[in-house]
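Participant: Input file: my_file08.cif. Contents: mmCIF, C-alpha atoms.
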```
data_input
#
loop_
_atom_site.label_atom_id
_atom_site.label_comp_id
_atom_site.auth_asym_id
_atom_site.auth_seq_id
_atom_site.Cartn_x
_atom_site.Cartn_y
_atom_site.Cartn_z
CA MET Z 1 9.15 32.93 16.80
CA PRO Z 2 9.10 36.26 18.56
CA GLU Z 3 11.33 38.81 16.84
CA GLN Z 4 13.07 39.60 20.13
CA GLN Z 5 14.15 35.95 20.47
CA SER Z 6 17.32 36.75 18.54
CA GLU Z 7 18.45 38.89 21.51
CA PHE Z 8 18.21 35.94 23.94
CA PHE Z 9 21.08 33.58 24.79
CA ASN Z 10 22.27 31.13 27.47
CA LEU Z 11 25.54 31.13 29.37
CA ASN Z 12 26.00 27.39 28.78
CA ASP Z 13 25.19 27.21 25.07
CA PRO Z 14 28.48 26.31 23.39
CA THR Z 15 27.09 27.10 19.93
CA ALA Z 16 26.26 30.75 20.60
CA GLY Z 17 28.54 33.74 20.30
CA ILE Z 18 31.80 34.47 18.52
CA ARG Z 19 34.49 32.02 19.57
CA ARG Z 20 37.95 33.16 20.64
CA GLU Z 21 40.83 31.26 22.21
CA LEU Z 22 42.35 33.82 24.54
CA ALA Z 23 45.23 31.59 25.69
CA PRO Z 24 45.83 27.87 26.21
CA GLY Z 25 42.94 26.59 28.35
CA ILE Z 26 41.02 29.89 28.11
CA THR Z 27 38.21 30.14 25.57
CA THR Z 28 35.45 32.66 25.23
CA ARG Z 29 32.23 33.29 23.36
CA VAL Z 30 31.59 36.92 22.58
CA PHE Z 31 28.23 38.70 22.23
CA PRO Z 32 28.59 42.20 20.79
CA GLY Z 33 26.08 44.97 21.34
CA ASP Z 34 26.13 48.59 20.29
CA GLN Z 35 27.45 50.04 23.55
CA ALA Z 36 28.57 46.97 25.48
CA MET Z 37 29.93 43.51 24.64
CA LEU Z 38 29.60 40.39 26.79
CA SER Z 39 32.25 37.67 26.86
CA ILE Z 40 31.67 34.29 28.55
CA VAL Z 41 35.12 33.01 29.44
CA ARG Z 42 35.85 29.41 30.49
CA PHE Z 43 39.16 28.77 32.24
CA GLU Z 44 40.47 25.25 32.62
CA PRO Z 45 41.93 24.43 36.06
CA ASN Z 46 44.90 26.68 36.84
CA ALA Z 47 44.78 28.36 33.42
CA GLU Z 48 46.25 31.84 33.38
CA GLY Z 49 46.03 34.65 30.86
CA GLN Z 50 48.69 37.16 29.95
CA VAL Z 51 48.76 40.58 31.54
CA HIS Z 52 47.28 43.04 29.06
CA HIS Z 53 45.38 46.31 28.95
CA HIS Z 54 43.04 48.19 26.64
CA PRO Z 55 41.20 51.50 26.65
CA GLU Z 56 37.75 49.93 27.08
CA GLU Z 57 36.23 49.72 30.57
CA GLN Z 58 35.75 46.14 31.73
CA TRP Z 59 33.63 44.45 34.39
CA GLY Z 60 34.01 40.81 35.41
CA VAL Z 61 31.71 38.47 37.35
CA LEU Z 62 32.98 35.14 38.65
CA LEU Z 63 30.09 32.77 37.92
CA GLU Z 64 31.84 29.49 38.81
CA GLY Z 65 35.06 28.36 40.44
CA SER Z 66 37.74 30.45 42.06
CA ALA Z 67 40.57 32.61 40.80
CA VAL Z 68 43.12 35.26 41.52
CA ARG Z 69 42.41 38.50 39.74
CA VAL Z 70 45.58 40.39 38.90
CA GLN Z 71 44.94 44.07 38.43
CA ASP Z 72 47.46 46.90 38.34
CA GLY Z 73 50.08 44.52 39.73
CA GLU Z 74 47.95 43.56 42.73
CA GLU Z 75 46.66 40.01 43.30
CA ILE Z 76 43.14 39.77 44.67
CA PRO Z 77 41.59 36.33 45.36
CA VAL Z 78 38.02 36.01 44.09
CA GLU Z 79 35.29 33.43 44.67
CA LYS Z 80 31.98 32.66 42.98
CA ASP Z 81 29.68 35.71 43.00
CA ASP Z 82 32.51 38.21 43.35
CA PHE Z 83 32.63 40.88 40.68
CA TRP Z 84 34.96 43.72 39.86
CA ARG Z 85 35.56 46.71 37.64
CA THR Z 86 38.73 47.14 35.62
CA PRO Z 87 39.15 50.79 34.70
CA PRO Z 88 40.41 51.67 31.21
CA ASN Z 89 44.11 50.97 30.56
CA VAL Z 90 44.71 49.16 33.86
CA PRO Z 91 46.87 46.06 33.24
CA HIS Z 92 45.07 42.87 34.25
CA THR Z 93 44.79 39.13 33.94
CA LEU Z 94 43.18 36.23 35.78
CA ARG Z 95 44.59 32.98 37.13
CA ALA Z 96 42.00 30.25 37.59
CA GLY Z 97 41.92 28.07 40.68
CA PRO Z 98 42.20 24.28 40.79
CA SER Z 99 38.60 23.73 39.61
CA GLY Z 100 38.79 26.29 36.82
CA ALA Z 101 36.55 29.31 36.46
CA LEU Z 102 33.67 30.75 34.45
CA VAL Z 103 33.80 34.52 34.10
CA LEU Z 104 31.31 36.91 32.55
CA ASP Z 105 33.20 39.89 31.20
CA VAL Z 106 31.57 43.10 30.04
CA PHE Z 107 33.42 45.53 27.79
CA SER Z 108 32.23 49.04 27.15
CA PRO Z 109 32.57 50.23 24.53
CA PRO Z 110 32.81 46.90 22.68
CA ARG Z 111 36.32 45.70 21.84
CA GLU Z 112 36.32 45.91 18.05
CA ILE Z 113 38.83 43.11 17.57
CA TYR Z 114 36.56 40.72 19.45
CA ARG Z 115 33.81 41.10 16.86
CA LYS Z 116 35.40 38.32 14.84
CA PRO Z 117 36.68 34.86 15.85
CA GLY Z 118 40.37 34.64 16.65
CA ARG Z 119 43.12 34.02 19.15
CA GLY Z 120 44.71 36.09 21.84
CA PHE Z 121 43.72 39.14 23.84
CA GLY Z 122 43.98 41.50 20.90
CA THR Z 123 46.52 43.72 22.62
CA LYS Z 124 50.24 44.20 22.66
CA GLY Z 125 50.54 44.17 26.43
CA MET U 1 44.77 46.93 51.50
CA PRO U 2 45.44 46.80 47.79
CA GLU U 3 44.32 49.98 46.04
CA GLN U 4 42.34 47.98 43.48
CA GLN U 5 40.26 46.42 46.29
CA SER U 6 37.80 49.32 46.00
CA GLU U 7 36.82 47.98 42.55
CA PHE U 8 35.83 44.56 43.95
CA PHE U 9 32.30 43.63 45.08
CA ASN U 10 30.05 40.62 45.72
CA LEU U 11 26.63 39.90 44.26
CA ASN U 12 25.26 38.93 47.68
CA ASP U 13 26.61 41.81 49.75
CA PRO U 14 23.52 43.78 50.78
CA THR U 15 25.63 46.71 52.00
CA ALA U 16 27.32 47.49 48.68
CA GLY U 17 26.04 49.64 45.86
CA ILE U 18 23.46 52.39 45.54
CA ARG U 19 20.05 51.20 46.70
CA ARG U 20 16.93 51.72 44.61
CA GLU U 21 13.41 50.37 45.01
CA LEU U 22 12.29 49.87 41.42
CA ALA U 23 8.77 48.72 42.31
CA PRO U 24 7.08 46.86 45.16
CA GLY U 25 9.10 43.68 45.72
CA ILE U 26 11.87 44.74 43.32
CA THR U 27 15.01 46.26 44.80
CA THR U 28 18.38 46.85 43.26
CA ARG U 29 21.90 47.84 44.17
CA VAL U 30 23.66 49.89 41.52
CA PHE U 31 27.39 50.01 40.70
CA PRO U 32 28.27 52.84 38.32
CA GLY U 33 31.33 52.86 36.11
CA ASP U 34 32.45 55.32 33.49
CA GLN U 35 31.06 53.49 30.46
CA ALA U 36 28.83 50.83 31.97
CA MET U 37 26.72 50.45 35.12
CA LEU U 38 25.81 47.19 36.82
CA SER U 39 22.53 46.70 38.70
CA ILE U 40 21.85 43.65 40.89
CA VAL U 41 18.09 43.29 40.98
CA ARG U 42 16.22 41.07 43.45
CA PHE U 43 12.62 40.21 42.61
CA GLU U 44 10.33 38.74 45.23
CA PRO U 45 8.16 35.84 44.04
CA ASN U 46 5.84 36.95 41.23
CA ALA U 47 6.99 40.57 41.46
CA GLU U 48 6.57 42.50 38.23
CA GLY U 49 8.00 45.81 37.06
CA GLN U 50 6.33 48.41 34.89
CA VAL U 51 6.94 48.53 31.17
CA HIS U 52 9.45 51.30 30.50
CA HIS U 53 12.17 52.25 28.06
CA HIS U 54 15.30 54.37 27.94
CA PRO U 55 17.95 55.29 25.39
CA GLU U 56 20.70 53.27 27.12
CA GLU U 57 21.49 49.77 25.87
CA GLN U 58 20.76 47.10 28.47
CA TRP U 59 21.86 43.50 29.00
CA GLY U 60 20.30 41.18 31.58
CA VAL U 61 21.51 37.88 33.05
CA LEU U 62 19.16 35.69 35.07
CA LEU U 63 21.36 34.51 37.95
CA GLU U 64 18.66 32.83 40.05
CA GLY U 65 15.02 31.83 39.70
CA SER U 66 12.79 32.08 36.68
CA ALA U 67 10.92 34.86 34.94
CA VAL U 68 9.12 36.09 31.89
CA ARG U 69 11.00 38.81 30.07
CA VAL U 70 8.66 41.22 28.33
CA GLN U 71 10.38 43.02 25.49
CA ASP U 72 8.79 45.00 22.66
CA GLY U 73 5.43 43.51 23.61
CA GLU U 74 6.67 39.93 23.35
CA GLU U 75 6.80 37.56 26.35
CA ILE U 76 9.84 35.30 26.49
CA PRO U 77 10.23 32.82 29.38
CA VAL U 78 13.73 32.78 30.89
CA GLU U 79 15.50 30.43 33.29
CA LYS U 80 18.69 30.63 35.32
CA ASP U 81 21.71 31.28 33.06
CA ASP U 82 19.68 32.83 30.25
CA PHE U 83 20.75 36.30 29.23
CA TRP U 84 19.48 38.87 26.78
CA ARG U 85 20.12 42.23 25.19
CA THR U 86 17.57 45.01 25.25
CA PRO U 87 18.34 47.49 22.47
CA PRO U 88 17.97 51.22 23.17
CA ASN U 89 14.40 52.50 23.46
CA VAL U 90 12.78 49.05 23.35
CA PRO U 91 9.97 48.87 25.94
CA HIS U 92 10.62 46.13 28.51
CA THR U 93 9.89 44.73 31.92
CA LEU U 94 10.29 41.45 33.81
CA ARG U 95 7.82 39.30 35.72
CA ALA U 96 9.44 37.02 38.28
CA GLY U 97 8.40 33.40 38.68
CA PRO U 98 7.07 31.76 41.85
CA SER U 99 10.51 31.56 43.50
CA GLY U 100 11.52 35.10 42.60
CA ALA U 101 14.53 36.09 40.55
CA LEU U 102 17.98 37.61 40.76
CA VAL U 103 18.97 39.57 37.66
CA LEU U 104 22.25 41.22 36.78
CA ASP U 105 21.51 44.19 34.54
CA VAL U 106 24.15 46.10 32.62
CA PHE U 107 23.45 49.59 31.30
CA SER U 108 25.67 51.31 28.78
CA PRO U 109 26.11 54.17 28.94
CA PRO U 110 25.27 54.40 32.68
CA ARG U 111 21.76 55.57 33.52
CA GLU U 112 22.47 58.92 35.16
CA ILE U 113 19.38 58.86 37.38
CA TYR U 114 20.55 55.56 38.91
CA ARG U 115 23.70 57.20 40.29
CA LYS U 116 21.76 58.19 43.40
CA PRO U 117 19.42 56.23 45.68
CA GLY U 118 15.74 56.45 44.85
CA ARG U 119 12.54 54.80 43.73
CA GLY U 120 11.16 53.80 40.39
CA PHE U 121 12.61 53.12 36.96
CA GLY U 122 13.52 56.73 36.29
CA THR U 123 11.44 56.91 33.14
CA LYS U 124 8.03 58.11 32.07
CA GLY U 125 7.14 54.93 30.23
#
```
Take the structure I supplied and represent it as structure tokens, if you would.
Facilitator:
Amino acid sequence: MPEQQSEFFNLNDPTAGIRRELAPGITTRVFPGDQAMLSIVRFEPNAEGQVHHHPEEQWGVLLEGSAVRVQDGEEIPVEKDDFWRTPPNVPHTLRAGPSGALVLDVFSPPREIYRKPGRGFGTKG
Amino acid sequence: MPEQQSEFFNLNDPTAGIRRELAPGITTRVFPGDQAMLSIVRFEPNAEGQVHHHPEEQWGVLLEGSAVRVQDGEEIPVEKDDFWRTPPNVPHTLRAGPSGALVLDVFSPPREIYRKPGRGFGTKG
């Protein structure tokens, strides 16, 4: 097997990555790098996270479904193929639409608490 | 308009981002952040980049089409929904399949030369 194969993954592989239950109906698999960390988040229909913030920059890409992105108190509807940046320390969450949502999140630098399996957003608010 | 709207984009919006022609048949639109930079790369059928490397960590997600990812001299076939990490300084390129490819690249830290429109991969090899 090529040595680089260990750096290759698939969005739909439920066995890959570090599992985390962010909230009821919201689970993720986390892939840490040195400078950036990817998180593949599945939202069940109408699932909603808690508003939280952290010092790491975040980008999100809506790969499937629809949602309302809540960012700095504003509500912005998003559809498949929309993506967004969440600057450091800006409070945010996401509310999935009636068919749920699949979101690719990127954190930079990596969120240290996400390097191990667990529950919750790893923040106090 | 909500103030956060300026942080929202769409993968298929040809007017957004900083344009760069990486190679013949390979164009990108670049979205710089503070810690990470996204690059939405469209490959025409069978288009191939040049092998290059850079100190920034890179992640790639194959959003459409098929390709062969070349990384550290190894050739790894990839399909839609595959993604991969390219560690710093590892030589790499991508060869699109017969229907072309759409790749989301993430650089962290941002590649400074990609902050302005231009041509090429911004490296010497």
Participant: Quick one: apply the PyMOL selection byres ((chain U) within 7 of (chain Z)) to the file and drop the selected residues here as a PyMOL selection string.
Facilitator: chain U and resi 2+4+7-11+35-36+57+71+74+81-85+108-109
Participant: Selected residues, C-alpha atoms, written as a PDB file, keeping the file's coordinate frame, please.
Facilitator:
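Below you can see out19.pdb, which holds the result:
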```pdb
ATOM      1  CA  PRO U   2      45.440  46.800  47.790  1.00  0.00           C
ATOM      2  CA  GLN U   4      42.340  47.980  43.480  1.00  0.00           C
ATOM      3  CA  GLU U   7      36.820  47.980  42.550  1.00  0.00           C
ATOM      4  CA  PHE U   8      35.830  44.560  43.950  1.00  0.00           C
ATOM      5  CA  PHE U   9      32.300  43.630  45.080  1.00  0.00           C
ATOM      6  CA  ASN U  10      30.050  40.620  45.720  1.00  0.00           C
ATOM      7  CA  LEU U  11      26.630  39.900  44.260  1.00  0.00           C
ATOM      8  CA  GLN U  35      31.060  53.490  30.460  1.00  0.00           C
ATOM      9  CA  ALA U  36      28.830  50.830  31.970  1.00  0.00           C
ATOM     10  CA  GLU U  57      21.490  49.770  25.870  1.00  0.00           C
ATOM     11  CA  GLN U  71      10.380  43.020  25.490  1.00  0.00           C
ATOM     12  CA  GLU U  74       6.670  39.930  23.350  1.00  0.00           C
ATOM     13  CA  ASP U  81      21.710  31.280  33.060  1.00  0.00           C
ATOM     14  CA  ASP U  82      19.680  32.830  30.250  1.00  0.00           C
ATOM     15  CA  PHE U  83      20.750  36.300  29.230  1.00  0.00           C
ATOM     16  CA  TRP U  84      19.480  38.870  26.780  1.00  0.00           C
ATOM     17  CA  ARG U  85      20.120  42.230  25.190  1.00  0.00           C
ATOM     18  CA  SER U 108      25.670  51.310  28.780  1.00  0.00           C
ATOM     19  CA  PRO U 109      26.110  54.170  28.940  1.00  0.00           C
TER      20      PRO U 109
END
```
Participant: When all Cα positions are paired in order and chain U is fitted onto chain Z, what RMSD is left, to one decimal?
Facilitator: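 After superposition, the RMSD is 0.0 Å.
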Participant: Can you tell me, as a PyMOL selection string, what residues are no more than 9 Å from Ile26 (chain U) when counting all atoms listed in the file, ignoring any on the same chain fewer than 6 positions away?
Facilitator: chain U and resi 20+41-44+47-49
Participant: Could you state the separation of CA of Arg95 (chain Z) and CA of Phe121 (chain Z) in Å, given to one decimal place?
Facilitator: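 Taking CA of Arg95 (chain Z) and CA of Phe121 (chain Z), their separation equals 14.7 Å.
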Participant: As a PyMOL selection string, please: the residues near Pro117 (chain U) (cut-off 7 Å, only C-alpha atoms, same-chain neighbours under 3 positions excluded).
Facilitator: chain U and resi 18-20+114
Participant: When you draw a straight line from CA of Pro98 (chain U) to CA of Gln50 (chain U), how long is it in Å?
Facilitator: 18.1 Å
Participant: Could you tell me how far CA of Val68 (chain Z) lies from CA of Thr93 (chain Z), in Å and to one decimal?
Facilitator: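 Separation of CA of Val68 (chain Z) and CA of Thr93 (chain Z): 8.7 Å.
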Participant: Which residue is closest to Leu22 (chain Z)? Choose from Z:Pro45, Z:Val51, Z:Pro91, Z:Ser99 and count only C-alpha atoms.
Facilitator: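 Of Z:Pro45, Z:Val51, Z:Pro91, Z:Ser99, the one nearest Leu22 (chain Z) is Z:Val51, counting only C-alpha atoms.
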Participant: Using the chain letters and numbers from the file, which residues does the PyMOL selection byres ((chain Z and resi 123) around 10) grab, as a PyMOL selection string?
Facilitator: chain Z and resi 51-54+113+120-122+124-125
Participant: Those residues with C-alpha atoms, as a PDB file, in the coordinates of the input please?
Facilitator:
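Saved result, selection.pdb, follows:
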```
ATOM      1  CA  VAL Z  51      48.760  40.580  31.540  1.00  0.00           C
ATOM      2  CA  HIS Z  52      47.280  43.040  29.060  1.00  0.00           C
ATOM      3  CA  HIS Z  53      45.380  46.310  28.950  1.00  0.00           C
ATOM      4  CA  HIS Z  54      43.040  48.190  26.640  1.00  0.00           C
ATOM      5  CA  ILE Z 113      38.830  43.110  17.570  1.00  0.00           C
ATOM      6  CA  GLY Z 120      44.710  36.090  21.840  1.00  0.00           C
ATOM      7  CA  PHE Z 121      43.720  39.140  23.840  1.00  0.00           C
ATOM      8  CA  GLY Z 122      43.980  41.500  20.900  1.00  0.00           C
ATOM      9  CA  LYS Z 124      50.240  44.200  22.660  1.00  0.00           C
ATOM     10  CA  GLY Z 125      50.540  44.170  26.430  1.00  0.00           C
TER      11      GLY Z 125
END
```
Participant: Which is closer to Thr28 (chain U) than all the others in U:Gly65, U:Pro77, U:Gly97, U:Pro14, using all atoms listed in the file?
Facilitator: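 Nearest candidate to Thr28 (chain U) out of U:Gly65, U:Pro77, U:Gly97, U:Pro14: U:Pro14.
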